[in-house]
Every structure is written in structure tokens, then in C-alpha cells.
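For reference, my_file00.txt is printed below; it contains compact mmCIF, C-alpha atoms.
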```
# COMPACT_ATOMS: atom_id res chain seq x y z
CA MET A 1 13.63 15.86 -15.83
CA ASN A 2 10.37 15.45 -17.70
CA GLU A 3 7.27 13.47 -16.64
CA ILE A 4 8.12 10.40 -18.72
CA ASP A 5 11.66 10.13 -17.31
CA THR A 6 10.34 10.50 -13.76
CA LEU A 7 7.87 7.68 -14.35
CA ILE A 8 10.52 5.42 -15.91
CA ARG A 9 12.80 6.05 -12.92
CA LEU A 10 10.01 5.08 -10.48
CA PHE A 11 9.16 1.91 -12.42
CA SER A 12 12.83 0.90 -12.61
CA ARG A 13 12.96 0.87 -8.78
CA LEU A 14 10.33 -1.90 -8.54
CA PRO A 15 11.59 -5.45 -7.89
CA GLY A 16 12.32 -7.31 -11.13
CA PHE A 17 12.47 -4.09 -13.15
CA GLY A 18 15.50 -2.60 -14.88
CA ALA A 19 15.84 0.53 -17.00
CA ARG A 20 14.86 -1.37 -20.15
CA SER A 21 11.72 -3.05 -18.81
CA ALA A 22 10.67 0.22 -17.15
CA ARG A 23 10.93 2.08 -20.49
CA ARG A 24 9.00 -0.70 -22.23
CA THR A 25 6.22 -0.63 -19.63
CA VAL A 26 5.87 3.16 -19.74
CA LEU A 27 5.73 3.22 -23.58
CA TYR A 28 3.17 0.40 -23.53
CA LEU A 29 0.99 2.26 -21.02
CA ILE A 30 1.14 5.55 -22.96
CA LYS A 31 0.04 3.68 -26.11
CA LYS A 32 -2.78 1.84 -24.33
CA ARG A 33 -4.06 4.91 -22.50
CA GLU A 34 -7.77 4.06 -22.40
CA THR A 35 -7.67 0.25 -22.13
CA GLN A 36 -4.75 -0.22 -19.71
CA PHE A 37 -3.16 2.98 -18.38
CA LEU A 38 -6.26 4.70 -16.94
CA PRO A 39 -7.77 1.46 -15.50
CA LEU A 40 -4.40 0.65 -13.86
CA ILE A 41 -4.16 4.13 -12.29
CA SER A 42 -7.71 3.84 -11.01
CA ALA A 43 -7.13 0.35 -9.53
CA MET A 44 -3.88 1.51 -7.90
CA THR A 45 -5.58 4.56 -6.40
CA SER A 46 -8.36 2.36 -5.03
CA VAL A 47 -5.88 -0.07 -3.42
CA ALA A 48 -3.76 2.76 -1.97
CA GLU A 49 -6.86 4.39 -0.48
CA HIS A 50 -8.74 1.38 0.89
CA ILE A 51 -6.26 -1.38 1.74
CA SER A 52 -4.82 -1.62 5.23
CA VAL A 53 -3.16 -4.19 7.48
CA CYS A 54 -5.62 -6.38 9.42
CA PRO A 55 -4.95 -5.63 13.12
CA VAL A 56 -5.78 -9.24 14.05
CA CYS A 57 -3.83 -11.40 11.59
CA GLY A 58 -1.67 -9.00 9.51
CA ASN A 59 -3.35 -9.76 6.14
CA PHE A 60 -4.04 -6.91 3.67
CA ASP A 61 -7.70 -6.11 3.03
CA SER A 62 -10.17 -3.29 2.53
CA GLN A 63 -12.15 -4.45 5.58
CA THR A 64 -11.03 -4.39 9.24
CA PRO A 65 -10.70 -7.14 10.43
CA CYS A 66 -9.95 -8.82 7.08
CA ALA A 67 -12.30 -11.11 5.15
CA VAL A 68 -10.51 -14.25 6.44
CA CYS A 69 -10.78 -13.14 10.09
CA ARG A 70 -14.48 -12.25 9.65
CA ASP A 71 -15.40 -15.51 7.90
CA VAL A 72 -17.50 -17.41 10.49
CA LYS A 73 -17.29 -20.61 8.42
CA ARG A 74 -13.54 -20.87 9.08
CA ASP A 75 -12.21 -22.77 12.09
CA PRO A 76 -10.95 -20.18 14.61
CA THR A 77 -9.17 -22.83 16.71
CA THR A 78 -6.52 -23.59 14.06
CA VAL A 79 -4.12 -20.77 13.14
CA CYS A 80 -1.52 -21.00 10.39
CA VAL A 81 1.58 -18.90 11.12
CA VAL A 82 3.29 -17.44 8.02
CA GLN A 83 6.17 -15.08 7.37
CA ASP A 84 4.46 -12.82 4.85
CA VAL A 85 1.12 -12.00 3.22
CA ALA A 86 2.46 -13.60 0.01
CA ASP A 87 2.62 -16.95 1.88
CA LEU A 88 -0.95 -16.48 3.16
CA TRP A 89 -2.10 -15.92 -0.44
CA ALA A 90 -0.20 -19.02 -1.60
CA ILE A 91 -1.92 -21.20 1.02
CA GLU A 92 -5.32 -19.68 0.17
CA ARG A 93 -4.76 -20.52 -3.52
CA SER A 94 -4.26 -24.18 -2.58
CA GLY A 95 -7.85 -24.08 -1.23
CA TYR A 96 -7.09 -26.74 1.40
CA PHE A 97 -6.76 -24.81 4.64
CA LYS A 98 -9.96 -23.65 6.37
CA GLY A 99 -8.56 -22.13 9.57
CA LYS A 100 -7.27 -18.64 10.31
CA TYR A 101 -3.85 -17.04 9.82
CA HIS A 102 -1.20 -15.06 11.60
CA VAL A 103 1.34 -13.08 9.57
CA LEU A 104 4.62 -12.59 11.46
CA GLY A 105 5.93 -9.92 9.10
CA GLY A 106 9.43 -11.41 9.07
CA LEU A 107 11.68 -14.10 10.54
CA LEU A 108 14.14 -14.12 13.43
CA SER A 109 17.56 -13.50 11.98
CA PRO A 110 20.69 -13.02 14.09
CA ILE A 111 22.58 -11.94 10.95
CA ASP A 112 20.05 -9.26 9.90
CA GLY A 113 19.52 -8.30 13.54
CA THR A 114 15.79 -9.17 13.51
CA GLY A 115 14.73 -10.07 17.05
CA PRO A 116 11.36 -11.23 18.49
CA ASP A 117 10.27 -7.61 19.01
CA GLU A 118 10.21 -6.98 15.25
CA LEU A 119 7.74 -9.85 14.64
CA LYS A 120 4.02 -9.80 15.47
CA LEU A 121 4.47 -12.24 18.38
CA PRO A 122 2.79 -10.22 21.18
CA VAL A 123 -0.42 -10.12 19.07
CA LEU A 124 -0.17 -13.90 18.59
CA GLU A 125 0.25 -14.42 22.36
CA LYS A 126 -2.85 -12.33 22.97
CA ARG A 127 -4.82 -14.27 20.32
CA ILE A 128 -3.85 -17.60 21.91
CA ARG A 129 -5.05 -16.28 25.30
CA ASP A 130 -8.30 -14.76 24.01
CA GLU A 131 -9.50 -16.70 20.96
CA GLY A 132 -9.50 -20.32 22.15
CA ILE A 133 -6.79 -21.37 19.68
CA LYS A 134 -5.99 -25.10 19.90
CA GLU A 135 -3.41 -25.59 17.16
CA LEU A 136 -0.68 -23.52 15.51
CA ILE A 137 0.53 -24.73 12.10
CA LEU A 138 3.96 -23.24 11.40
CA ALA A 139 4.13 -22.65 7.61
CA LEU A 140 7.58 -21.05 7.63
CA PRO A 141 10.28 -21.28 4.96
CA ALA A 142 12.59 -24.30 5.12
CA THR A 143 15.61 -22.04 5.70
CA VAL A 144 17.86 -21.47 8.71
CA ASP A 145 15.89 -18.35 9.72
CA GLY A 146 12.60 -20.18 9.18
CA GLN A 147 13.74 -23.06 11.42
CA THR A 148 15.06 -20.68 14.08
CA THR A 149 11.75 -18.82 14.14
CA GLY A 150 9.83 -22.10 14.33
CA HIS A 151 11.89 -23.32 17.30
CA TYR A 152 11.47 -19.97 19.06
CA ILE A 153 7.66 -20.03 18.65
CA THR A 154 7.48 -23.67 19.76
CA GLU A 155 9.38 -22.85 22.97
CA LEU A 156 7.45 -19.64 23.56
CA PHE A 157 4.09 -21.46 23.58
CA GLN A 158 5.15 -24.85 24.98
CA ASN A 159 3.18 -24.26 28.18
CA ALA A 160 0.18 -22.61 26.50
CA GLY A 161 -1.69 -25.92 26.17
CA ILE A 162 -1.83 -25.86 22.36
CA ARG A 163 -0.64 -28.25 19.65
CA ILE A 164 2.14 -26.93 17.42
CA SER A 165 2.87 -28.59 14.06
CA SER A 166 4.94 -27.71 10.99
CA LEU A 167 4.46 -28.22 7.24
CA ALA A 168 5.81 -31.57 6.06
CA GLN A 169 9.16 -31.48 4.26
CA GLY A 170 9.94 -33.76 1.32
CA ILE A 171 9.80 -34.11 -2.45
CA PRO A 172 7.36 -31.59 -4.08
CA VAL A 173 4.44 -33.09 -6.02
CA GLY A 174 5.66 -33.74 -9.57
CA GLY A 175 9.28 -33.27 -8.44
CA GLU A 176 11.92 -35.46 -10.07
CA LEU A 177 14.50 -36.99 -7.75
CA ASP A 178 17.30 -36.17 -10.16
CA TYR A 179 16.63 -32.43 -9.71
CA MET A 180 16.33 -32.44 -5.90
CA ASP A 181 19.19 -31.20 -3.73
CA ASP A 182 20.83 -33.54 -1.22
CA GLY A 183 19.16 -31.92 1.78
CA THR A 184 15.66 -32.48 0.37
CA ILE A 185 16.37 -36.14 -0.43
CA ARG A 186 17.87 -36.71 3.01
CA THR A 187 14.83 -35.09 4.73
CA ALA A 188 12.40 -37.03 2.54
CA LEU A 189 14.15 -40.31 3.42
CA ALA A 190 14.30 -39.55 7.15
CA SER A 191 10.59 -38.54 7.20
CA ARG A 192 9.42 -41.50 5.09
CA ARG A 193 5.97 -42.88 5.92
CA MET B 1 -13.44 -9.69 -6.92
CA ASN B 2 -11.72 -7.42 -4.43
CA GLU B 3 -9.48 -4.40 -5.11
CA ILE B 4 -6.21 -6.28 -4.69
CA ASP B 5 -7.24 -9.05 -7.14
CA THR B 6 -8.37 -6.44 -9.70
CA LEU B 7 -5.01 -4.69 -9.46
CA ILE B 8 -3.07 -7.98 -9.76
CA ARG B 9 -5.11 -8.88 -12.85
CA LEU B 10 -4.34 -5.50 -14.49
CA PHE B 11 -0.61 -5.79 -13.71
CA SER B 12 -0.48 -9.33 -15.08
CA ARG B 13 -1.66 -8.01 -18.47
CA LEU B 14 1.42 -5.79 -18.89
CA PRO B 15 4.18 -7.10 -21.18
CA GLY B 16 6.73 -9.17 -19.29
CA PHE B 17 4.37 -9.73 -16.35
CA GLY B 18 2.82 -13.01 -15.24
CA ALA B 19 0.53 -13.80 -12.33
CA ARG B 20 3.48 -14.29 -9.99
CA SER B 21 5.36 -11.07 -10.80
CA ALA B 22 2.06 -9.12 -10.68
CA ARG B 23 1.36 -10.43 -7.16
CA ARG B 24 4.91 -9.62 -6.08
CA THR B 25 4.68 -6.06 -7.46
CA VAL B 26 1.30 -5.38 -5.81
CA LEU B 27 2.49 -6.68 -2.42
CA TYR B 28 5.67 -4.61 -2.72
CA LEU B 29 3.67 -1.46 -3.52
CA ILE B 30 1.23 -1.98 -0.63
CA LYS B 31 4.17 -2.38 1.75
CA LYS B 32 5.98 0.70 0.40
CA ARG B 33 2.89 2.91 0.34
CA GLU B 34 4.51 6.28 1.09
CA THR B 35 7.90 5.87 -0.59
CA GLN B 36 6.90 4.07 -3.79
CA PHE B 37 3.17 3.44 -4.26
CA LEU B 38 1.87 7.01 -3.91
CA PRO B 39 4.75 8.61 -5.90
CA LEU B 40 4.18 6.05 -8.68
CA ILE B 41 0.44 6.78 -8.83
CA SER B 42 1.13 10.50 -8.94
CA ALA B 43 3.75 10.16 -11.73
CA MET B 44 1.42 7.90 -13.74
CA THR B 45 -1.46 10.35 -13.38
CA SER B 46 0.76 13.20 -14.52
CA VAL B 47 1.93 11.27 -17.62
CA ALA B 48 -1.62 10.15 -18.47
CA GLU B 49 -2.86 13.73 -18.21
CA HIS B 50 -0.07 15.65 -19.95
CA ILE B 51 1.62 13.40 -22.51
CA SER B 52 0.39 13.35 -26.08
CA VAL B 53 1.67 12.40 -29.53
CA CYS B 54 3.66 15.14 -31.29
CA PRO B 55 1.65 16.00 -34.45
CA VAL B 56 4.88 16.71 -36.36
CA CYS B 57 7.18 13.75 -35.64
CA GLY B 58 5.11 11.27 -33.58
CA ASN B 59 7.25 11.47 -30.40
CA PHE B 60 5.58 11.49 -26.96
CA ASP B 61 5.89 14.71 -24.97
CA SER B 62 4.04 17.11 -22.70
CA GLN B 63 4.64 19.95 -25.20
CA THR B 64 3.17 20.28 -28.71
CA PRO B 65 5.23 20.11 -30.90
CA CYS B 66 7.65 17.99 -28.84
CA ALA B 67 10.93 19.22 -27.30
CA VAL B 68 12.98 17.70 -30.15
CA CYS B 69 10.88 19.42 -32.85
CA ARG B 70 11.07 22.77 -31.00
CA ASP B 71 14.84 22.62 -30.41
CA VAL B 72 16.27 25.31 -32.74
CA LYS B 73 19.82 23.99 -32.19
CA ARG B 74 18.96 20.76 -34.02
CA ASP B 75 19.45 20.44 -37.78
CA PRO B 76 15.97 20.52 -39.43
CA THR B 77 17.33 19.36 -42.82
CA THR B 78 18.23 15.84 -41.58
CA VAL B 79 15.38 13.60 -40.44
CA CYS B 80 15.84 10.16 -38.92
CA VAL B 81 12.94 7.80 -39.73
CA VAL B 82 12.17 5.22 -36.99
CA GLN B 83 9.52 2.59 -36.43
CA ASP B 84 8.63 3.44 -32.85
CA VAL B 85 9.18 6.01 -30.08
CA ALA B 86 11.34 3.41 -28.30
CA ASP B 87 13.80 3.59 -31.24
CA LEU B 88 13.81 7.41 -31.10
CA TRP B 89 14.69 7.20 -27.38
CA ALA B 90 17.47 4.67 -28.14
CA ILE B 91 19.05 7.00 -30.72
CA GLU B 92 18.71 9.98 -28.35
CA ARG B 93 20.52 8.00 -25.62
CA SER B 94 23.47 7.48 -27.98
CA GLY B 95 23.81 11.30 -28.01
CA TYR B 96 25.25 11.29 -31.54
CA PHE B 97 22.37 12.43 -33.76
CA LYS B 98 21.53 16.13 -33.83
CA GLY B 99 18.76 16.22 -36.48
CA LYS B 100 15.02 15.68 -36.18
CA TYR B 101 12.91 12.53 -36.20
CA HIS B 102 9.90 10.96 -37.84
CA VAL B 103 8.12 8.06 -36.10
CA LEU B 104 6.29 5.80 -38.58
CA GLY B 105 4.26 4.01 -35.92
CA GLY B 106 4.83 0.60 -37.53
CA LEU B 107 6.32 -1.20 -40.53
CA LEU B 108 4.87 -2.37 -43.82
CA SER B 109 3.96 -6.03 -43.38
CA PRO B 110 2.10 -8.07 -46.00
CA ILE B 111 1.64 -10.87 -43.43
CA ASP B 112 0.11 -8.63 -40.72
CA GLY B 113 -1.79 -6.68 -43.39
CA THR B 114 -0.11 -3.36 -42.53
CA GLY B 115 -0.14 -1.14 -45.64
CA PRO B 116 1.26 2.37 -46.30
CA ASP B 117 -1.98 3.96 -45.05
CA GLU B 118 -1.36 2.67 -41.51
CA LEU B 119 2.04 4.42 -41.31
CA LYS B 120 2.62 8.16 -40.85
CA LEU B 121 3.83 8.58 -44.47
CA PRO B 122 1.51 11.40 -45.63
CA VAL B 123 2.82 13.58 -42.76
CA LEU B 124 6.39 12.74 -43.84
CA GLU B 125 5.60 13.74 -47.46
CA LYS B 126 4.20 17.03 -46.22
CA ARG B 127 7.29 17.64 -44.06
CA ILE B 128 9.63 16.97 -46.99
CA ARG B 129 7.63 19.49 -49.09
CA ASP B 130 7.40 22.18 -46.39
CA GLU B 131 10.43 21.92 -44.09
CA GLY B 132 13.38 21.94 -46.49
CA ILE B 133 14.49 18.43 -45.55
CA LYS B 134 17.67 17.38 -47.41
CA GLU B 135 18.37 13.93 -45.99
CA LEU B 136 16.36 11.02 -44.61
CA ILE B 137 18.23 8.49 -42.45
CA LEU B 138 16.28 5.24 -42.34
CA ALA B 139 16.89 3.74 -38.87
CA LEU B 140 14.61 0.75 -39.34
CA PRO B 141 15.01 -2.77 -37.92
CA ALA B 142 17.21 -5.18 -39.93
CA THR B 143 14.23 -7.50 -40.50
CA VAL B 144 12.23 -8.40 -43.62
CA ASP B 145 9.51 -5.88 -42.73
CA GLY B 146 12.13 -3.24 -41.93
CA GLN B 147 13.81 -3.76 -45.31
CA THR B 148 10.46 -3.73 -47.15
CA THR B 149 9.52 -0.46 -45.49
CA GLY B 150 12.93 1.04 -46.30
CA HIS B 151 12.62 0.12 -49.99
CA TYR B 152 9.10 1.53 -50.13
CA ILE B 153 10.17 4.87 -48.62
CA THR B 154 13.22 5.06 -50.91
CA GLU B 155 11.01 4.59 -53.98
CA LEU B 156 8.34 6.95 -52.69
CA PHE B 157 10.79 9.84 -52.35
CA GLN B 158 13.23 9.04 -55.20
CA ASN B 159 12.14 12.12 -57.15
CA ALA B 160 11.84 14.41 -54.13
CA GLY B 161 15.42 15.68 -54.53
CA ILE B 162 16.62 14.37 -51.12
CA ARG B 163 19.38 12.02 -50.01
CA ILE B 164 18.22 8.76 -48.43
CA SER B 165 20.62 6.66 -46.35
CA SER B 166 20.29 3.70 -43.99
CA LEU B 167 22.05 2.68 -40.75
CA ALA B 168 25.18 0.62 -41.41
CA GLN B 169 24.85 -3.11 -40.81
CA GLY B 170 27.69 -5.16 -39.35
CA ILE B 171 29.21 -6.50 -36.14
CA PRO B 172 27.99 -4.60 -33.02
CA VAL B 173 30.68 -2.79 -31.01
CA GLY B 174 32.08 -5.30 -28.51
CA GLY B 175 30.46 -8.17 -30.44
CA GLU B 176 32.34 -11.46 -30.62
CA LEU B 177 32.41 -13.13 -34.04
CA ASP B 178 31.76 -16.52 -32.48
CA TYR B 179 28.34 -15.33 -31.26
CA MET B 180 27.22 -13.64 -34.51
CA ASP B 181 24.73 -15.34 -36.82
CA ASP B 182 25.73 -16.17 -40.41
CA GLY B 183 23.68 -13.32 -41.91
CA THR B 184 25.44 -10.69 -39.80
CA ILE B 185 28.90 -12.04 -40.68
CA ARG B 186 28.00 -12.20 -44.38
CA THR B 187 26.69 -8.59 -44.32
CA ALA B 188 29.74 -7.36 -42.41
CA LEU B 189 32.06 -9.01 -44.96
CA ALA B 190 30.15 -7.67 -47.96
CA SER B 191 30.08 -4.12 -46.50
CA ARG B 192 33.75 -4.16 -45.39
CA ARG B 193 35.56 -0.82 -45.58
```

As C-alpha cells:
Amino acid sequence: MNEIDTLIRLFSRLPGFGARSARRTVLYLIKKRETQFLPLISAMTSVAEHISVCPVCGNFDSQTPCAVCRDVKRDPTTVCVVQDVADLWAIERSGYFKGKYHVLGGLLSPIDGTGPDELKLPVLEKRIRDEGIKELILALPATVDGQTTGHYITELFQNAGIRISSLAQGIPVGGELDYMDDGTIRTALASRR
Amino acid sequence: MNEIDTLIRLFSRLPGFGARSARRTVLYLIKKRETQFLPLISAMTSVAEHISVCPVCGNFDSQTPCAVCRDVKRDPTTVCVVQDVADLWAIERSGYFKGKYHVLGGLLSPIDGTGPDELKLPVLEKRIRDEGIKELILALPATVDGQTTGHYITELFQNAGIRISSLAQGIPVGGELDYMDDGTIRTALASRR
């Protein structure tokens, strides 16, 4: 197998890629050697060498602890609990939240066999003990596993003397009622303000 | 701008990528550092270092001339003319053609301002003179620019003493008539055998 085929095979394993898009990407990169291919290789090498998991919150960064954990202007008493780094990035893009984070690295799932030991809960317990945390905001997916995980965390810390809240559920901004599923409309009605 | 953002920005410039798929790919790679990220970097580096354009036919390969041009079991008297390396790969996947290739690197296009000088036609002229080529198969797209380019090549070599043919046009294998456009049905009727 030659170098080009090996590269196509590796690209086709990435999420969202198939054989056709992998071939297209590889051809494109070979043609744009100087402007795209070499800069991409260099940026990938830099990320692979320098990025690690923040031991405090689970974010990815080149610094340890990560930039969010080191930022003294952020409120250390409010911690937003998320499933994945992608969710942390999504909340950061909204620009609204000025507290800290905790990335669980998954959700409790009886079906997949994911128990509490697989999530970063011991680190969260330690942070609540040591860092003077006053509120946990659970920003977990509105799925069965997300709800299960939320309930578990709420029970786990019910005697820790902290406030625990969850993201509001309802109609998304700009969402049209006609396109919403029944569950969303029911929740939005029940939680009306 | 940190390393991760730089990498996301570079990925989002690739064809078929947007901001969201670039973020997803970068997160995926960071999480699969050993099994996917490092092998991908190494395969990309190897392609960037070793692959070049074949000076004879325009294919991409680590050898010069390319593996197809060097293969003595292939018929050197029949040359298939294609627009792009992607088309050469597509014909090779079909496994039917056992001649050689010539990659034009584009099509004549009055609208885009692509003239004969931008295509690899001088090299093709030289090959016809020197290599004993007896037949050109024009495997060009069934578009206006593809047709224009085909006519131009046919005229250019009409006194070169070679046969010039084109790919047959008609209904694709497995194609349902109901889904074919009018032009395809008209061509298939006119070229019936």
C-alpha cells in the first residue's frame, strides 16, 4: 500500500468522513502543499505535542492548569458541570458564563455500562471540599443519560452545603413551535414563567 | 490565538468542512492521540515529503515517473486523457483500463479564462510524437467545458495519425429512467445501439 492510500485510509476513519471525502481531502492537500498541507501538519504537530488534559477541570490546553482555571477574573465559587470539552467550548462561545468548569468525560449509562467510577466525580468532590465552591450548574444533555447523571450528582452532593441548578429547558431562541417535538413543548409549558 | 484554535481554523478551510466539523475533528484527534492523531500526522508528513507530480502523465506518486507510467505490462499506445488526478483514480478503481494516462490539470473555459496554455497539452503533443501513441481516449466531464476541451484536443491532433475516442454517454448502470435528466435521456436515445 502506498503513502497516498495509507493517508486516505486514515482520513476515512475520522468521524464524518467516508472513502470519497477522504480522497477529496488528500488530493486537495497535495495540490495546496505550501498554503494548506504544510501549515496543517505543523499545527497538528504543535497540538499533539503541547495539548494535555487539565488535571483540575478536564479541559484541553497547552498550560497546566488550563487558561480557564488560571483566570483570576473568573468566579471560582460557581462551577459548570459538562459532559465533554465540546460542551465547555460551546458555553464559552456564548460568552455569558464567567465561572469555572468541570468536565465529567461522559454520562452515567446503565445500557453502556458506564458507572460513577468512569466519570471525573472524585476530582469534583475534592474540588467542592477544597475550593470553596458554592454552586454547581449542571449543563448536561437533555437525554435520559443526562438526566440520570444530573440526579446522581444532585444526590451525591445534597449534604455538601452547595446550591445545585440545571440549565433551563424550553423552546430554543428563534425556534418555531411547529418544528418542536412534543416533549419540548410539554416541558416549555410546564416550566412557563 | 492558541494552538487548538489555529488548528480548528486550518481544518475549517478544507473543502466540506465548516467551523462545527473542524471543532469535532480536532476534539476527536486530541482524544485519540495514540491511535489516530499521531499516525495521521506521520502519514501526512510522509505524503508531503515524498509525493510529487509525475513529469510524464501528471499523476501523483512517490516515484518519478509514476507507477502507472513505469508499469511495462500496460499498453503504452493507448492514453486516457483526464481532467484531474481524481478522475485517473476513479478509472483505476474500475480496473478495466490497461493503458496509460495523461492528466490535463484543468479544462478549457472561456468564462474562467483558462486557455490551452494552462493545460498540459505541450507535454501531450511531445508524448504523441515520441511514445508511439495510437489512440487517445478522452475521459472528460460531460459538461460544456469538458466538451469544448474535447473538441479542441480532437482538432489539435487530427493530423497526428492517431485515433481519438470519447467515453460513451448514456444511462449509468443501475440508473432509473425516472431520475435521469432530459439531456441524459435524449443522449441515450440518440446513441442507442

task = Determine the nearest neighbour of Gly115 of chain B from the options B:Ser52, B:Gln83, B:Thr149, B:Thr45, counting all atoms listed in the file.
result =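 Result for the nearest residue to Gly115 of chain B: B:Thr149.
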
request  = Would you work out the distance separating atom CA of Leu138 of chain A from atom CA of Ser21 of chain B, expressed in Å to one decimal?
outcome  =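 Computing the Euclidean distance for atom CA of Leu138 of chain A and atom CA of Ser21 of chain B yields 25.4 Å.
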
query = What is the atom CA of Thr25 of chain B-atom CA of Asp87 of chain A distance in Å, reported with one decimal?
reply =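 Separation between atom CA of Thr25 of chain B and atom CA of Asp87 of chain A: 14.5 Å.
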
Atomic separation - atom CA of Leu119 of chain B relative to atom CA of Asn159 of chain B, Å =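 Value for the atom CA of Asn159 of chain B-atom CA of Leu119 of chain B distance: 20.3 Å.
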
Could you build a table of the residues in chain A lying no more than 10 Å from chain B, giving for each the nearest pair of atoms and their separation in Å rounded to one decimal place, using all atoms listed in the file, ordered by chain and ascending residue number, as a Markdown table?
```
| residue | atom | partner | partner_atom | distance |
| --- | --- | --- | --- | --- |
| A:Asn2 | CA | B:Ser62 | CA | 8.2 |
| A:Glu3 | CA | B:Val47 | CA | 5.9 |
| A:Ile4 | CA | B:Val47 | CA | 6.3 |
| A:Asp5 | CA | B:Ala43 | CA | 9.7 |
| A:Thr6 | CA | B:Ala43 | CA | 6.9 |
| A:Leu7 | CA | B:Ala43 | CA | 5.5 |
| A:Ile8 | CA | B:Ala43 | CA | 9.3 |
| A:Arg9 | CA | B:Leu40 | CA | 9.6 |
| A:Leu10 | CA | B:Leu40 | CA | 6.2 |
| A:Phe11 | CA | B:Leu40 | CA | 7.5 |
| A:Arg13 | CA | B:Gln36 | CA | 8.5 |
| A:Leu14 | CA | B:Thr25 | CA | 7.1 |
| A:Pro15 | CA | B:Thr25 | CA | 7.0 |
| A:Gly16 | CA | B:Ser21 | CA | 7.9 |
| A:Phe17 | CA | B:Gly16 | CA | 9.8 |
| A:Ser21 | CA | B:Gly16 | CA | 7.9 |
| A:Arg23 | CA | B:Ala86 | CA | 7.9 |
| A:Arg24 | CA | B:Ala86 | CA | 7.7 |
| A:Thr25 | CA | B:Pro15 | CA | 7.0 |
| A:Val26 | CA | B:Met44 | CA | 8.8 |
| A:Leu27 | CA | B:Ala86 | CA | 7.3 |
| A:Tyr28 | CA | B:Pro15 | CA | 7.9 |
| A:Leu29 | CA | B:Leu14 | CA | 8.3 |
| A:Ile30 | CA | B:Ala48 | CA | 7.0 |
| A:Lys31 | CA | B:Val53 | CA | 9.5 |
| A:Arg33 | CA | B:Ala48 | CA | 7.0 |
| A:Glu34 | CA | B:Ala48 | CA | 9.5 |
| A:Gln36 | CA | B:Leu10 | CA | 7.4 |
| A:Phe37 | CA | B:Ala48 | CA | 7.3 |
| A:Leu38 | CA | B:Ala48 | CA | 7.3 |
| A:Pro39 | CA | B:Leu10 | CA | 7.8 |
| A:Leu40 | CA | B:Leu10 | CA | 6.2 |
| A:Ile41 | CA | B:Ile41 | CA | 6.3 |
| A:Ser42 | CA | B:Ile41 | CA | 8.9 |
| A:Ala43 | CA | B:Leu7 | CA | 5.5 |
| A:Met44 | CA | B:Leu7 | CA | 6.5 |
| A:Thr45 | CA | B:Ile41 | CA | 6.9 |
| A:Ser46 | CA | B:Glu3 | CA | 6.9 |
| A:Val47 | CA | B:Glu3 | CA | 5.9 |
| A:Ala48 | CA | B:Ile30 | CA | 7.0 |
| A:Glu49 | CA | B:Leu38 | CA | 9.7 |
| A:His50 | CA | B:Glu3 | CA | 8.4 |
| A:Ile51 | CA | B:Ile30 | CA | 7.9 |
| A:Ser52 | CA | B:Ile30 | CA | 8.4 |
| A:Val53 | CA | B:Lys31 | CA | 9.5 |
| A:Phe60 | CA | B:Ile30 | CA | 8.4 |
| A:Asp61 | CA | B:Ile4 | CA | 7.9 |
| A:Ser62 | CA | B:Glu3 | CA | 7.8 |
| A:Asp84 | CA | B:Leu27 | CA | 9.7 |
| A:Val85 | CA | B:Leu27 | CA | 7.9 |
| A:Ala86 | CA | B:Leu27 | CA | 7.3 |
| A:Trp89 | CA | B:Arg23 | CA | 9.3 |
```

message = From the options A:Ala188, A:Cys54, A:Val79, A:Leu107, which residue's atoms come nearest to Ala168 of chain A, counting only C-alpha atoms?
response = A:Ala188
